[in-house]
Every structure is written in C-alpha cells, then in structure tokens.
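Enquirer: This is the structure I want to talk about, given as structure tokens.
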Amino acid sequence: MHKNYEGRSPKGRTVLKNQSSMEFFSIYGFALVSMAIILSIIYVFAIVPNSNVPNQCNFPGYITCKQIAIASNTAASRATFILTNAQEYAVSNVIATVNITGEVLFKGPCLPDVVLPGGIIECVINENKGINMNQITEGSLKISEYVCTQPTNIGCVSPISQIYGGTFSAHVTPLN
C-alpha cells in the first residue's frame, strides 16, 4: 500500500494540479469580477450622466425656453430655440444671437414676425461653420425684440426695444 506524502493521493500529481487551478481561478476570477464591478461603476456614474443631461436654456424675465436643439456637421451648424412670449404684450421683429462658448456666433430672425402674449417664437439659425459634435456645448442667447404696448391694424404705435439675455447647454447632434 502507498503512503500519502504531503497530501498527495496515490496518483500523486492530480491533487496538486487541481489545487493550483483552483487557486488560479479564485485569485484571478476575483480580480476579474472586481474590475468588472469597478468599470460598471465608472460607466454608470461618469459616462452615462453626461449623455443623459437634458438640453436646457434659462432666461430671466419675459421669455421662457421650451426647447433647444443644436446640430452640426463638418461644414454647417444649426441652432433651434423654441421660446414663449411670457409678456402681457405682443412682440415683433425678434432676432436671436447665439454665442456657443469658444466655437461660433449665430445670428438670425425668429418667426413669426409678431408674437402675441403666450405665443410661440421659433428661432432657427444656420451658420456655415461646423462645431464639435456628440458633446455638451454651452453658450449664451440674446433675444432682441420690440414690445408692442399699443397694437393697431397696421402695426404698432411706438414700439419699445428690449434685449433679453440667457444661457443654455445642449448636446450637439449630427446635422442631416
């Protein structure tokens, strides 16, 4: 009959092979699981929140921002703002100036030409310059308009020029 030396079975090396493979899987398996957990935490808390930040713009006072979209490709960009006239008076000749921080300046008229109280203002401004896509961009938005406190059938008596400034942040999406 064979004697067992150093925990070996009569077959000798089988126990040592099994033991070393169990040690290998337990050590490196634990390391792989730990790395997977750490990468998952980094993904959930660092990468996903940046891509899920909603587009937003802020105006103090008489303009409220409903929606914002900024799109670009290598040759052109488009900024779209949907605003609401929150004043008690109609406004006319609304012009938007968009300054994307460090990138580009857009300027253009908004529609319709006359916006009644509570009405929607749509500003779609195109620029022949591309900006960095698939990132969050920030900037300022300036709205120039004329407030019409005394409307008539043919226009406005003594319109008052107003300028409102606000800020925005938005994802830059590909422009089709």
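Within each chain, counting starts at residue 1; across the structure tokens, chains are named A, B, ... in the order shown, with ligands numbered 1 upward in that order.
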Using only C-alpha atoms, which residues of stretch 24-117 of chain A come within 10 Å of stretch 146-156 of chain A, and what is the closest atom pair for each, with the distance in Å to one decimal? Give it as a Markdown table, sorted by chain and residue number.
Expert:
```
| residue | atom | partner | partner_atom | distance |
| --- | --- | --- | --- | --- |
| A:Gln87 | CA | A:Val147 | CA | 8.9 |
| A:Glu88 | CA | A:Thr149 | CA | 8.7 |
| A:Tyr89 | CA | A:Thr149 | CA | 5.7 |
| A:Ala90 | CA | A:Cys148 | CA | 5.3 |
| A:Val91 | CA | A:Val147 | CA | 4.5 |
| A:Ser92 | CA | A:Tyr146 | CA | 5.2 |
| A:Asn93 | CA | A:Tyr146 | CA | 6.2 |
| A:Val94 | CA | A:Tyr146 | CA | 7.1 |
| A:Ile95 | CA | A:Tyr146 | CA | 9.7 |
| A:Val114 | CA | A:Gly155 | CA | 9.2 |
| A:Val115 | CA | A:Val147 | CA | 9.7 |
| A:Leu116 | CA | A:Cys148 | CA | 9.4 |
```
Enquirer: From a backbone DSSP assignment, name each residue in stretch 49-82 of chain A labelled strand (DSSP E), as a VMD selection string.
Expert: chain A and resid 56 to 58 63 to 72 77 to 82
Enquirer: Between atom CA of A:Gly61 and atom CA of A:Ala86, what is the distance in Å, rounded to a tenth?
Expert: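 About the pair atom CA of A:Gly61 and atom CA of A:Ala86: they are 8.1 Å apart.
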Enquirer: Could you check the closest approach to A:Glu122 for each of A:Thr74, A:Asn99, A:Ile41, A:Ala69 and tell me which residue wins, using only C-alpha atoms?
Expert: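 The answer is A:Ala69, which sits nearest to A:Glu122.
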Enquirer: What parts of stretch 14-88 of chain A does DSSP call alpha helix (DSSP H)? I'd like the answer as a ChimeraX atom specification.
Expert: /A:14-42,48-51
Enquirer: Which residues are near stretch 170-172 of chain A? Cut-off 9 Å, only C-alpha atoms, ignore same chain within fewer than 4 positions. Put them as a compact mmCIF listing (two decimals) with C-alpha atoms, in the first residue's frame.
Expert:
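Done, and the output landed in part_21.txt:
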```txt
# COMPACT_ATOMS: atom_id res chain seq x y z
CA SER A 51 -25.03 61.69 -22.25
CA VAL A 53 -28.11 65.63 -19.33
CA PRO A 54 -31.18 67.33 -20.81
CA ASN A 55 -30.87 70.30 -23.12
CA GLN A 56 -31.79 73.44 -21.24
CA CYS A 57 -31.84 77.20 -21.52
CA ILE A 68 -33.42 73.75 -27.70
CA ALA A 69 -31.52 71.74 -30.31
CA ILE A 70 -28.05 72.23 -31.75
CA ALA A 71 -26.89 70.17 -34.72
CA SER A 72 -23.71 70.27 -36.78
CA ILE A 131 -18.79 72.72 -34.36
CA ASN A 132 -17.69 69.70 -32.35
CA MET A 133 -20.37 67.02 -32.42
CA ASN A 134 -21.51 64.49 -29.80
CA GLN A 135 -20.63 66.69 -26.86
CA ILE A 136 -22.38 69.03 -24.50
CA THR A 137 -21.93 72.66 -25.51
CA GLU A 138 -22.76 75.79 -23.57
```
